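File shown: upload_20.tsv (TSV, C-alpha atoms and all ligand atoms).
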```tsv
chain	number	residue	atom	x	y	z
A	1	MET	CA	0.00	0.00	0.00
A	2	SER	CA	1.36	3.40	-0.97
A	3	TYR	CA	0.45	6.76	0.47
A	4	HIS	CA	1.65	8.52	-2.66
A	5	VAL	CA	-0.70	9.59	-5.42
A	6	ASN	CA	-1.89	6.86	-7.81
A	7	GLU	CA	-1.88	7.17	-11.59
A	8	ASN	CA	-5.41	8.56	-11.61
A	9	GLY	CA	-4.50	11.38	-9.27
A	10	TYR	CA	-6.00	9.92	-6.10
A	11	TYR	CA	-4.78	9.32	-2.56
A	12	GLY	CA	-7.20	6.59	-1.46
A	13	GLU	CA	-10.62	8.10	-2.11
A	14	PHE	CA	-9.30	11.69	-2.12
A	15	GLY	CA	-7.86	13.93	-4.83
A	16	GLY	CA	-8.81	13.87	-8.51
A	17	ALA	CA	-9.56	16.87	-10.68
A	18	TYR	CA	-13.11	18.18	-10.26
A	19	ILE	CA	-12.91	21.20	-12.52
A	20	PRO	CA	-15.20	23.12	-14.85
A	21	GLU	CA	-14.94	21.99	-18.44
A	22	MET	CA	-13.41	25.31	-19.49
A	23	LEU	CA	-10.43	24.72	-17.24
A	24	TYR	CA	-9.79	21.24	-18.54
A	25	PRO	CA	-7.23	22.12	-21.27
A	26	ASN	CA	-5.02	24.04	-18.79
A	27	VAL	CA	-5.01	21.34	-16.14
A	28	GLU	CA	-4.66	18.56	-18.69
A	29	GLU	CA	-1.61	20.19	-20.29
A	30	LEU	CA	0.03	20.36	-16.89
A	31	ARG	CA	-0.94	16.79	-16.03
A	32	GLN	CA	0.57	15.45	-19.24
A	33	GLN	CA	3.79	17.42	-18.91
A	34	TYR	CA	4.73	17.84	-15.26
A	35	LEU	CA	6.58	14.59	-14.61
A	36	ALA	CA	8.49	14.69	-17.89
A	37	VAL	CA	9.51	18.34	-17.34
A	38	MET	CA	10.63	17.65	-13.76
A	39	GLN	CA	12.80	14.80	-14.99
A	40	GLU	CA	14.64	16.88	-17.62
A	41	ASP	CA	18.30	17.39	-16.78
A	42	SER	CA	18.11	21.11	-17.53
A	43	PHE	CA	15.14	21.47	-15.15
A	44	GLN	CA	16.81	19.55	-12.32
A	45	LYS	CA	20.06	21.45	-12.75
A	46	GLU	CA	18.42	24.87	-12.58
A	47	PHE	CA	16.06	23.86	-9.74
A	48	LYS	CA	18.91	22.54	-7.59
A	49	GLN	CA	21.13	25.50	-8.31
A	50	LEU	CA	18.42	28.02	-7.37
A	51	LEU	CA	17.55	26.10	-4.20
A	52	LYS	CA	21.21	26.25	-3.24
A	53	GLU	CA	22.21	29.74	-4.24
A	54	TYR	CA	18.97	31.70	-4.07
A	55	VAL	CA	16.93	29.96	-1.37
A	56	GLY	CA	19.93	28.99	0.76
A	57	ARG	CA	19.56	25.20	0.86
A	58	PRO	CA	20.27	22.81	2.40
A	59	THR	CA	18.66	24.29	5.49
A	60	PRO	CA	20.24	23.07	8.75
A	61	LEU	CA	18.88	20.16	10.78
A	62	TYR	CA	19.45	21.54	14.26
A	63	TYR	CA	19.48	19.47	17.47
A	64	ALA	CA	17.47	21.58	19.93
A	65	LYS	CA	19.33	20.71	23.12
A	66	ARG	CA	17.46	22.77	25.70
A	67	PHE	CA	14.06	22.05	24.14
A	68	SER	CA	14.93	18.31	24.12
A	69	GLU	CA	16.01	18.40	27.77
A	70	LYS	CA	12.79	20.09	28.76
A	71	TYR	CA	10.67	17.29	27.25
A	72	ASN	CA	13.10	14.49	27.98
A	73	THR	CA	13.48	13.28	24.41
A	74	ASN	CA	15.50	14.13	21.26
A	75	ILE	CA	14.16	16.93	19.10
A	76	TYR	CA	15.63	18.15	15.84
A	77	LEU	CA	14.38	21.26	14.07
A	78	LYS	CA	14.45	21.37	10.26
A	79	ARG	CA	15.17	25.05	9.72
A	80	GLU	CA	12.88	26.07	6.83
A	81	ASP	CA	12.63	29.42	8.59
A	82	LEU	CA	16.10	30.13	7.19
A	83	CYS	CA	14.93	29.89	3.57
A	84	HIS	CA	14.90	33.13	1.58
A	85	THR	CA	11.57	34.91	2.31
A	86	GLY	CA	11.38	33.17	5.70
A	87	ALA	CA	9.49	29.94	5.07
A	88	HIS	CA	9.24	26.77	2.99
A	89	LYS	CA	6.79	28.25	0.46
A	90	VAL	CA	9.58	29.43	-1.85
A	91	ASN	CA	10.68	25.81	-2.55
A	92	ASN	CA	7.40	25.36	-4.40
A	93	THR	CA	7.27	28.71	-6.16
A	94	ILE	CA	10.83	28.22	-7.50
A	95	GLY	CA	9.76	24.82	-8.85
A	96	GLN	CA	6.57	26.17	-10.42
A	97	ILE	CA	8.16	29.21	-12.06
A	98	LEU	CA	10.63	26.85	-13.75
A	99	MET	CA	7.71	24.61	-14.75
A	100	ALA	CA	5.97	27.65	-16.26
A	101	LYS	CA	9.09	28.57	-18.23
A	102	HIS	CA	9.48	25.04	-19.57
A	103	LEU	CA	5.82	25.07	-20.66
A	104	GLY	CA	6.39	28.35	-22.52
A	105	LYS	CA	4.20	30.49	-20.23
A	106	ASN	CA	5.02	34.18	-19.80
A	107	ARG	CA	2.43	35.27	-17.25
A	108	ILE	CA	1.83	34.05	-13.70
A	109	ILE	CA	-1.30	34.25	-11.58
A	110	ALA	CA	-1.72	33.25	-7.94
A	111	GLU	CA	-4.17	33.63	-5.09
A	112	THR	CA	-3.19	34.46	-1.56
A	113	GLY	CA	-4.88	34.69	1.83
A	114	ALA	CA	-2.39	35.93	4.40
A	115	GLY	CA	-0.10	37.09	1.62
A	116	GLN	CA	2.78	34.69	2.26
A	117	HIS	CA	2.22	32.69	-0.92
A	118	GLY	CA	1.67	35.93	-2.85
A	119	VAL	CA	5.04	37.20	-1.67
A	120	ALA	CA	6.79	33.90	-2.50
A	121	THR	CA	5.23	34.02	-5.99
A	122	ALA	CA	6.04	37.70	-6.58
A	123	THR	CA	9.62	36.95	-5.48
A	124	VAL	CA	10.25	34.26	-8.11
A	125	CYS	CA	8.49	36.32	-10.81
A	126	ALA	CA	10.87	39.20	-10.08
A	127	LEU	CA	13.76	36.74	-10.20
A	128	MET	CA	12.71	35.55	-13.66
A	129	GLY	CA	11.35	38.83	-15.02
A	130	ILE	CA	7.86	37.38	-15.55
A	131	GLU	CA	4.56	39.28	-15.19
A	132	CYS	CA	2.78	38.47	-11.90
A	133	VAL	CA	-0.87	38.99	-10.95
A	134	VAL	CA	-1.97	38.09	-7.42
A	135	TYR	CA	-5.63	37.85	-6.41
A	136	MET	CA	-6.39	38.65	-2.79
A	137	GLY	CA	-9.65	39.17	-0.87
A	138	SER	CA	-10.25	42.86	-0.16
A	139	VAL	CA	-10.67	42.05	3.55
A	140	ASP	CA	-7.28	40.29	3.53
A	141	ILE	CA	-5.67	43.22	1.67
A	142	GLU	CA	-6.60	45.42	4.62
A	143	ARG	CA	-5.52	42.87	7.26
A	144	GLN	CA	-2.18	42.06	5.61
A	145	ALA	CA	-0.89	45.46	4.50
A	146	PRO	CA	2.85	44.68	4.87
A	147	ASN	CA	2.63	41.68	2.53
A	148	VAL	CA	0.66	43.73	0.00
A	149	ALA	CA	3.47	46.31	0.10
A	150	ARG	CA	6.06	43.56	-0.38
A	151	MET	CA	4.27	42.19	-3.43
A	152	LYS	CA	4.07	45.68	-4.94
A	153	MET	CA	7.78	46.31	-4.30
A	154	LEU	CA	8.50	43.03	-6.06
A	155	GLY	CA	6.61	44.28	-9.11
A	156	ALA	CA	3.39	42.25	-8.79
A	157	THR	CA	-0.11	43.55	-9.48
A	158	VAL	CA	-2.46	42.83	-6.57
A	159	ILE	CA	-6.12	42.58	-7.59
A	160	PRO	CA	-8.77	42.71	-4.84
A	161	ALA	CA	-11.50	40.05	-4.78
A	162	THR	CA	-14.66	41.82	-3.68
A	163	SER	CA	-17.26	39.03	-3.85
A	164	GLY	CA	-18.52	36.73	-1.08
A	165	SER	CA	-16.60	36.94	2.20
A	166	LYS	CA	-13.80	38.83	0.37
A	167	THR	CA	-11.17	36.34	1.61
A	168	LEU	CA	-9.12	33.42	0.28
A	169	LYS	CA	-11.85	31.35	-1.37
A	170	ASP	CA	-13.09	34.41	-3.27
A	171	ALA	CA	-9.55	35.21	-4.42
A	172	THR	CA	-9.27	31.60	-5.62
A	173	ASN	CA	-12.47	31.97	-7.65
A	174	GLU	CA	-11.06	35.10	-9.33
A	175	ALA	CA	-7.77	33.35	-10.12
A	176	ILE	CA	-9.62	30.41	-11.70
A	177	ARG	CA	-11.71	32.84	-13.78
A	178	ASP	CA	-8.51	34.54	-14.98
A	179	TRP	CA	-6.97	31.19	-15.92
A	180	ILE	CA	-10.02	30.18	-17.94
A	181	ASN	CA	-9.72	33.46	-19.88
A	182	ASN	CA	-5.96	33.08	-20.45
A	183	PRO	CA	-5.40	29.40	-21.19
A	184	THR	CA	-2.31	29.59	-23.40
A	185	ASP	CA	0.14	32.12	-21.94
A	186	THR	CA	-0.62	31.87	-18.20
A	187	HIS	CA	0.44	29.46	-15.45
A	188	TYR	CA	-1.45	29.38	-12.14
A	189	ILE	CA	0.92	28.88	-9.18
A	190	ILE	CA	-1.02	27.17	-6.37
A	191	GLY	CA	0.62	27.57	-2.97
A	192	SER	CA	-0.02	24.28	-1.19
A	193	VAL	CA	-0.75	20.59	-1.81
A	194	VAL	CA	-4.33	21.45	-2.77
A	195	GLY	CA	-6.25	21.99	-6.01
A	196	PRO	CA	-6.91	19.57	-8.87
A	197	HIS	CA	-4.47	16.78	-9.74
A	198	PRO	CA	-1.57	17.17	-10.58
A	199	TYR	CA	-1.07	20.13	-8.21
A	200	PRO	CA	-1.00	18.22	-4.89
A	201	ASP	CA	1.57	15.77	-6.25
A	202	MET	CA	3.63	18.41	-8.07
A	203	VAL	CA	3.82	20.68	-5.01
A	204	ALA	CA	4.66	17.71	-2.75
A	205	ARG	CA	7.51	16.77	-5.08
A	206	PHE	CA	8.92	20.31	-5.04
A	207	GLN	CA	8.70	20.37	-1.23
A	208	SER	CA	10.12	16.85	-0.90
A	209	VAL	CA	13.60	18.37	-0.86
A	210	ILE	CA	12.89	18.83	2.88
A	211	SER	CA	12.74	15.11	3.72
A	212	GLU	CA	15.47	14.33	1.20
A	213	GLU	CA	17.77	16.58	3.20
A	214	ILE	CA	16.53	15.26	6.56
A	215	LYS	CA	17.56	11.73	5.55
A	216	THR	CA	21.12	12.73	4.70
A	217	GLN	CA	21.48	15.04	7.69
A	218	LEU	CA	20.07	12.54	10.18
A	219	LEU	CA	22.37	9.83	8.86
A	220	GLU	CA	25.28	12.13	9.59
A	221	LYS	CA	24.10	13.02	13.10
A	222	GLU	CA	22.40	9.83	14.33
A	223	GLY	CA	23.84	7.15	12.06
A	224	LYS	CA	20.38	6.40	10.62
A	225	GLU	CA	18.14	8.01	8.03
A	226	ASN	CA	14.86	7.48	9.85
A	227	PRO	CA	13.57	9.46	12.80
A	228	ASP	CA	10.94	7.83	15.03
A	229	TYR	CA	8.56	10.68	14.24
A	230	VAL	CA	8.33	13.54	11.80
A	231	VAL	CA	6.07	16.38	12.90
A	232	ALA	CA	4.62	19.33	10.95
A	233	CYS	CA	1.80	21.84	11.12
A	234	VAL	CA	-0.89	21.54	8.46
A	235	GLY	CA	-2.75	24.35	6.75
A	236	GLY	CA	-3.15	23.14	3.19
A	237	GLY	CA	-0.36	20.69	3.99
A	238	SER	CA	2.67	21.58	1.85
A	239	ASN	CA	5.40	21.88	4.48
A	240	ALA	CA	4.09	18.68	6.05
A	241	ALA	CA	4.00	16.87	2.69
A	242	GLY	CA	7.62	17.88	2.08
A	243	ALA	CA	8.74	16.71	5.51
A	244	TYR	CA	6.88	13.36	5.24
A	245	TYR	CA	7.48	12.66	1.56
A	246	HIS	CA	10.37	10.18	1.66
A	247	TYR	CA	8.96	8.54	4.81
A	248	LEU	CA	5.34	8.09	3.68
A	249	ASP	CA	5.68	4.41	2.84
A	250	ASN	CA	8.07	3.60	5.69
A	251	PRO	CA	6.03	2.30	8.64
A	252	ASP	CA	9.03	2.70	10.99
A	253	VAL	CA	8.59	6.47	10.83
A	254	GLY	CA	5.59	7.91	12.67
A	255	ILE	CA	3.82	10.79	10.96
A	256	ILE	CA	2.34	13.49	13.15
A	257	ALA	CA	0.16	16.24	11.64
A	258	VAL	CA	-0.79	19.24	13.73
A	259	GLU	CA	-3.87	21.27	12.93
A	260	ALA	CA	-5.17	24.54	14.35
A	261	ALA	CA	-7.98	24.07	16.88
A	262	GLY	CA	-8.39	27.85	17.06
A	263	LYS	CA	-10.44	28.63	20.16
A	264	GLY	CA	-11.18	24.90	20.60
A	265	ILE	CA	-12.50	22.09	18.42
A	266	LYS	CA	-16.05	22.52	19.69
A	267	SER	CA	-16.00	26.34	19.79
A	268	GLY	CA	-17.17	26.85	16.22
A	269	GLU	CA	-14.02	28.91	15.67
A	270	SER	CA	-11.41	26.45	14.48
A	271	ALA	CA	-9.47	25.16	11.49
A	272	ALA	CA	-9.08	21.51	12.58
A	273	THR	CA	-10.14	20.30	9.18
A	274	SER	CA	-9.45	16.57	9.44
A	275	VAL	CA	-11.29	16.10	12.71
A	276	LEU	CA	-14.21	18.36	11.83
A	277	GLY	CA	-14.29	17.91	8.07
A	278	LYS	CA	-16.46	15.70	5.87
A	279	PRO	CA	-15.63	14.56	2.34
A	280	GLY	CA	-16.45	17.23	-0.19
A	281	ILE	CA	-15.00	19.13	-3.11
A	282	ILE	CA	-12.99	22.31	-2.79
A	283	HIS	CA	-10.69	24.01	-5.32
A	284	GLY	CA	-11.07	21.09	-7.72
A	285	SER	CA	-10.16	18.29	-5.38
A	286	LYS	CA	-12.07	15.76	-3.29
A	287	THR	CA	-10.90	16.02	0.28
A	288	LEU	CA	-11.98	16.62	3.86
A	289	LEU	CA	-13.44	20.05	4.39
A	290	MET	CA	-15.36	21.96	6.98
A	291	GLN	CA	-18.91	22.44	5.76
A	292	THR	CA	-22.45	23.00	6.89
A	293	THR	CA	-25.01	20.17	6.74
A	294	ASP	CA	-26.09	21.36	3.30
A	295	GLY	CA	-22.53	21.39	2.00
A	296	GLN	CA	-21.61	25.09	2.17
A	297	ILE	CA	-17.99	25.73	3.11
A	298	THR	CA	-17.57	26.99	6.69
A	299	GLU	CA	-15.22	29.92	7.33
A	300	PRO	CA	-12.25	28.57	9.26
A	301	TYR	CA	-10.59	30.39	12.14
A	302	SER	CA	-7.07	30.31	13.60
A	303	ILE	CA	-4.84	32.93	15.18
A	304	SER	CA	-2.31	32.01	12.50
A	305	ALA	CA	-3.34	33.23	9.07
A	306	GLY	CA	-1.43	30.41	7.33
A	307	LEU	CA	-3.50	27.65	8.94
A	308	ASP	CA	-7.01	28.96	8.46
A	309	TYR	CA	-7.88	27.08	5.31
A	310	PRO	CA	-11.25	25.25	5.32
A	311	GLY	CA	-9.86	22.16	3.55
A	312	VAL	CA	-6.73	20.07	3.72
A	313	GLY	CA	-4.77	18.50	0.87
A	314	PRO	CA	-5.95	15.07	-0.35
A	315	MET	CA	-2.71	13.38	0.79
A	316	HIS	CA	-3.46	14.46	4.36
A	317	ALA	CA	-7.14	13.52	4.15
A	318	HIS	CA	-5.94	10.03	3.23
A	319	LEU	CA	-3.29	9.95	5.98
A	320	TYR	CA	-6.08	10.81	8.41
A	321	THR	CA	-8.78	8.36	7.32
A	322	SER	CA	-6.30	5.50	6.78
A	323	GLY	CA	-4.79	6.02	10.22
A	324	ARG	CA	-1.24	6.34	8.78
A	325	GLY	CA	-0.95	9.81	10.30
A	326	GLU	CA	-1.54	10.80	13.91
A	327	PHE	CA	-3.53	14.06	13.93
A	328	ILE	CA	-3.33	16.46	16.86
A	329	SER	CA	-5.23	19.74	17.23
A	330	ILE	CA	-3.65	22.66	19.07
A	331	THR	CA	-5.47	25.77	20.28
A	332	ASP	CA	-4.38	29.39	19.78
A	333	THR	CA	-3.35	29.60	23.44
A	334	GLU	CA	-1.24	26.42	23.34
A	335	ALA	CA	0.48	27.55	20.15
A	336	MET	CA	1.29	31.03	21.42
A	337	GLU	CA	2.79	29.59	24.63
A	338	ALA	CA	4.90	27.14	22.63
A	339	GLY	CA	6.18	29.93	20.37
A	340	LEU	CA	7.29	31.92	23.39
A	341	GLU	CA	8.85	28.82	24.94
A	342	LEU	CA	10.97	28.00	21.87
A	343	SER	CA	12.12	31.62	21.68
A	344	LYS	CA	13.34	31.49	25.29
A	345	LEU	CA	14.83	27.99	25.16
A	346	GLU	CA	16.54	28.11	21.76
A	347	GLY	CA	16.73	31.72	20.61
A	348	ILE	CA	14.48	30.96	17.64
A	349	ILE	CA	11.23	32.91	17.18
A	350	PRO	CA	8.94	30.65	15.11
A	351	ALA	CA	6.00	31.54	12.87
A	352	ILE	CA	2.72	31.00	14.73
A	353	GLU	CA	1.84	28.25	12.23
A	354	THR	CA	4.97	26.38	13.31
A	355	SER	CA	4.25	27.07	16.98
A	356	HIS	CA	1.30	24.68	16.67
A	357	ALA	CA	3.68	21.82	15.86
A	358	LEU	CA	5.96	22.79	18.77
A	359	ALA	CA	3.05	22.67	21.21
A	360	ILE	CA	2.40	18.91	21.02
A	361	PHE	CA	4.93	18.07	23.74
A	362	LYS	CA	2.73	19.38	26.55
A	363	ASN	CA	0.23	16.53	26.08
A	364	ARG	CA	1.94	13.91	23.90
A	365	GLN	CA	4.56	11.77	25.65
A	366	PHE	CA	7.63	10.48	23.82
A	367	LYS	CA	10.30	8.00	24.91
A	368	LYS	CA	13.65	9.24	26.11
A	369	ASP	CA	15.52	7.73	23.17
A	370	ASP	CA	12.98	8.73	20.50
A	371	VAL	CA	14.31	10.90	17.67
A	372	ILE	CA	11.77	13.49	16.56
A	373	VAL	CA	12.12	15.89	13.65
A	374	ILE	CA	9.88	18.95	13.67
A	375	ASN	CA	9.61	20.91	10.48
A	376	LEU	CA	10.21	24.52	11.52
A	377	SER	CA	8.17	25.85	8.61
A	378	GLY	CA	8.80	29.57	9.06
A	379	ARG	CA	10.13	32.43	11.13
A	380	GLY	CA	8.10	34.65	13.40
A	381	ASP	CA	9.03	38.11	12.11
A	382	LYS	CA	5.75	38.38	10.21
A	383	ASP	CA	3.86	37.52	13.42
A	384	LEU	CA	5.58	39.93	15.76
A	385	ASN	CA	2.52	42.16	16.14
A	386	THR	CA	0.35	39.17	17.07
A	387	TYR	CA	2.92	38.05	19.66
A	388	ILE	CA	3.17	41.64	20.99
A	389	ASP	CA	-0.60	42.00	21.40
A	390	TYR	CA	-1.01	38.54	22.88
A	391	PHE	CA	1.73	38.76	25.51
A	392	ASN	CA	1.61	42.53	26.08
A	393	LEU	CA	5.29	42.73	25.15
B	401	LIG	C1	1.79	29.03	4.72
B	401	LIG	C2	2.46	28.51	5.90
B	401	LIG	C3	2.06	27.31	6.52
B	401	LIG	C4	0.85	26.53	6.08
B	401	LIG	O1	0.89	26.06	4.77
B	401	LIG	P1	1.17	24.52	4.43
B	401	LIG	O2	0.86	24.41	2.99
B	401	LIG	O3	0.25	23.70	5.30
B	401	LIG	O4	2.58	24.24	4.74
B	401	LIG	C5	2.78	26.84	7.61
B	401	LIG	N1	3.84	27.53	8.10
B	401	LIG	C6	4.24	28.69	7.54
B	401	LIG	C7	5.41	29.40	8.15
B	401	LIG	C8	3.58	29.23	6.44
B	401	LIG	O5	3.98	30.38	5.91
```
Would you put the structure from the file into structure tokens?
Amino acid sequence: MSYHVNENGYYGEFGGAYIPEMLYPNVEELRQQYLAVMQEDSFQKEFKQLLKEYVGRPTPLYYAKRFSEKYNTNIYLKREDLCHTGAHKVNNTIGQILMAKHLGKNRIIAETGAGQHGVATATVCALMGIECVVYMGSVDIERQAPNVARMKMLGATVIPATSGSKTLKDATNEAIRDWINNPTDTHYIIGSVVGPHPYPDMVARFQSVISEEIKTQLLEKEGKENPDYVVACVGGGSNAAGAYYHYLDNPDVGIIAVEAAGKGIKSGESAATSVLGKPGIIHGSKTLLMQTTDGQITEPYSISAGLDYPGVGPMHAHLYTSGRGEFISITDTEAMEAGLELSKLEGIIPAIETSHALAIFKNRQFKKDDVIVINLSGRGDKDLNTYIDYFNL
């Protein structure tokens, strides 16, 4: 049994490509080409070189000594926070901009909620000198002013989505509409392991550099490639997919996925998609999503903007229902405390998304000789105001 995508684009019962007919040519072109393009020598050479010299890879695998002592186990941090732009997202946007170039596209569109994916996309478009249009809900444009400014500095055009709740899902609708109208020259860069096949698999492959590096680095430090557990926070699921990728089919490695419980699973203000979700279709893929009894998507909530997505990627939906992954939900309060704790114990201020993954040790026991790798998905600079308000700093 494999936890990777099958040839029809499914992870168990999840995945597929549920798209309007008018989008079919775009998605089908990508589906037919993506594996062949990724295997080309020229693609691999440029991808690896940019990851090394532009992104700053390999990122360190750091043994967190004081954090490990505190919880009486062995904790390594995979330092994606040290990537250019401050998080793992750029691994994927570098891969997709190269994909776009190889497919002969000269215009990029993207959607963004908190703005992090918009910034990572605008960054690689500037790098390549390619036109960049980012759709963003008008409510999010107001909430995330610094990221809007970054995108503009990087030369992107930010277009407000003013329909519906004026947030991420509305921006996604606008981006899809744009793509339908520009099928030949435009590539749509999706920011996580979501969307119609082949996006979840393509994004997971671009992010899989994370677990590829973990294997080599752990071998050096521990004399074995496999940790006992690999832990990551899950919004759409891309940093987690990258950290799990080379361990998915290895039952010796435990997979722990951490979702945002917001104000509590039962509070009605949460983003714990796997626990609360039911099978449904969102952004062209069958997965678990939070919905009302008549199938309308529920607005998610989390203190961390990067985790409040109402769905989860199909790989993760399958990891959840099959039992391969252990899913833990962490509240705002638990995450904030864990973020402060890591700052004080290790001198590393994590993104609040990542703080969710760091918070599991309060309630989940590990053995003294367990080796645990946590994917430190991003740095906390972008969240400083939230930390300041929360702790009255
Ligand atoms: C965007 C983001 C996430 C959530 O996205 P995934 O696709 O689930 O990885 C997590 N951490 C950070 C730092 C982010 O910027």
Could I get the residues of chain A with an atom no further than 6 Å from an atom of ligand LIG 401 (chain B), each paired with its nearest atom pair and that distance in Å to one decimal, using all atoms listed in the file, sorted by chain and residue number, as CSV?
```
residue,atom,partner,partner_atom,distance
A:Ala87,CA,B:LIG401,C7,5.1
A:Gln116,CA,B:LIG401,O5,5.8
A:Ser192,CA,B:LIG401,O2,4.3
A:Val234,CA,B:LIG401,O3,4.0
A:Gly235,CA,B:LIG401,O3,3.4
A:Gly236,CA,B:LIG401,O3,4.0
A:Gly237,CA,B:LIG401,O3,3.3
A:Ser238,CA,B:LIG401,O2,3.5
A:Asn239,CA,B:LIG401,O4,3.7
A:Ala240,CA,B:LIG401,O4,5.9
A:Gly306,CA,B:LIG401,C1,4.4
A:Leu307,CA,B:LIG401,C4,5.3
A:Ala351,CA,B:LIG401,C7,5.2
A:Glu353,CA,B:LIG401,N1,4.6
A:Thr354,CA,B:LIG401,N1,5.5
A:Ser377,CA,B:LIG401,C7,4.5
A:Gly378,CA,B:LIG401,C7,3.5
```
> Do you know which residues lie at most 12 Å from (17.5, 17.4, 0.3), with coordinates as in the file and all atoms listed in the file counted, and could you write them as a ChimeraX atom specification?
Replying inline: /A:48,51-52,56-61,78,80,91,205-218,242-243,245-246
>> Quick one: residues within 10 Å of Pro200 of chain A, only C-alpha atoms, excluding same-chain residues fewer than 2 positions away - as a list in words?
In response: Val5, Gly9, Tyr10, Tyr11, Gly15, Gly16, Ile190, Gly191, Ser192, Val193, Val194, Gly195, Pro196, His197, Pro198, Met202, Val203, Ala204, Arg205, Gly236, Gly237, Ser238, Ala241, Ser285, Gly313, Pro314 and Met315 of chain A
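When only C-alpha atoms are used to compute distances to Ser270 of chain A, the closest of the residues A:Gly284, A:Gly311, A:Gly155, A:Gly347 turns out to be A:Gly311.
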>> Counting all atoms listed in the file, I want the residues whose atoms come within 7 Å of (-9.1, 38.6, -13.1) in the file frame, returned as a PyMOL selection string.
In response: chain A and resi 174-175+177-178
> Nearest to Val312 of chain A: which of A:Ile349, A:Met38, A:Val90, A:Ala272 is it, counting only C-alpha atoms?
Replying inline: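 Checking each of A:Ile349, A:Met38, A:Val90, A:Ala272 against Val312 of chain A, counting only C-alpha atoms, the winner is A:Ala272.
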>> Please determine, counting all atoms listed in the file, which residue among A:Pro20, A:Gly129, A:Pro350, A:Pro300 has the shortest atom-to-atom distance to Asn173 of chain A.
In response: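 Looking at the shortest contact to Asn173 of chain A, the residue is A:Pro20.
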> Which of these, A:Gly118, A:Gly223, A:Pro183, A:Gly113, has the shortest distance to Arg143 of chain A once you count only C-alpha atoms?
Replying inline: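 Under the stated criterion, the closest residue is A:Gly113.
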>> Under the rule that only C-alpha atoms are counted, which of A:Ser68, A:Thr333, A:Asn392, A:Thr321 is the nearest residue to Gly12 of chain A?
In response: A:Thr321
> Pick from A:Met136, A:Thr287, A:Thr331, A:Pro227: nearest to Ser267 of chain A, with only C-alpha atoms counted?
Replying inline: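 Once distances to Ser267 of chain A are computed over only C-alpha atoms, the minimum belongs to A:Thr331.
Computed from the coordinates, the atom CA of Ala145 of chain A to atom CA of Glu53 of chain A distance equals 29.3 Å.
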>> Just want the 9 Å neighbourhood of Tyr247 of chain A, counted on only C-alpha atoms, with same-chain residues fewer than 6 positions away dropped. Output as a list in words.
In response: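 With the cut-off at 9 Å, the set is Ser211, Asn226, Val230, Val253, Gly254 and Ile255 of chain A.
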>> When you look at Ala64 of chain A with a cut-off of 8 Å (counting only C-alpha atoms), what residues show up, excluding the ones that are within fewer than 6 positions of it in the same chain? I need them as a list in words.
In response: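 Contacts, in chain order: Asn74, Ile75, Tyr76, Leu77 and Glu346 of chain A.
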> Counting all atoms listed in the file, what is within 12 Å of Lys152 of chain A, bar same-chain residues fewer than 4 positions away, as a ChimeraX atom specification?
Replying inline: /A:115,118-119,121-123,125-126,132-134,145-148,156-159
>> Set the distance at 12 Å and use all atoms listed in the file: which residues neighbour Ser42 of chain A once local chain neighbours fewer than 6 positions away are removed? I'd like the list as number ranges by chain.
In response: A: 36, 48-49, 98-99, 101-102
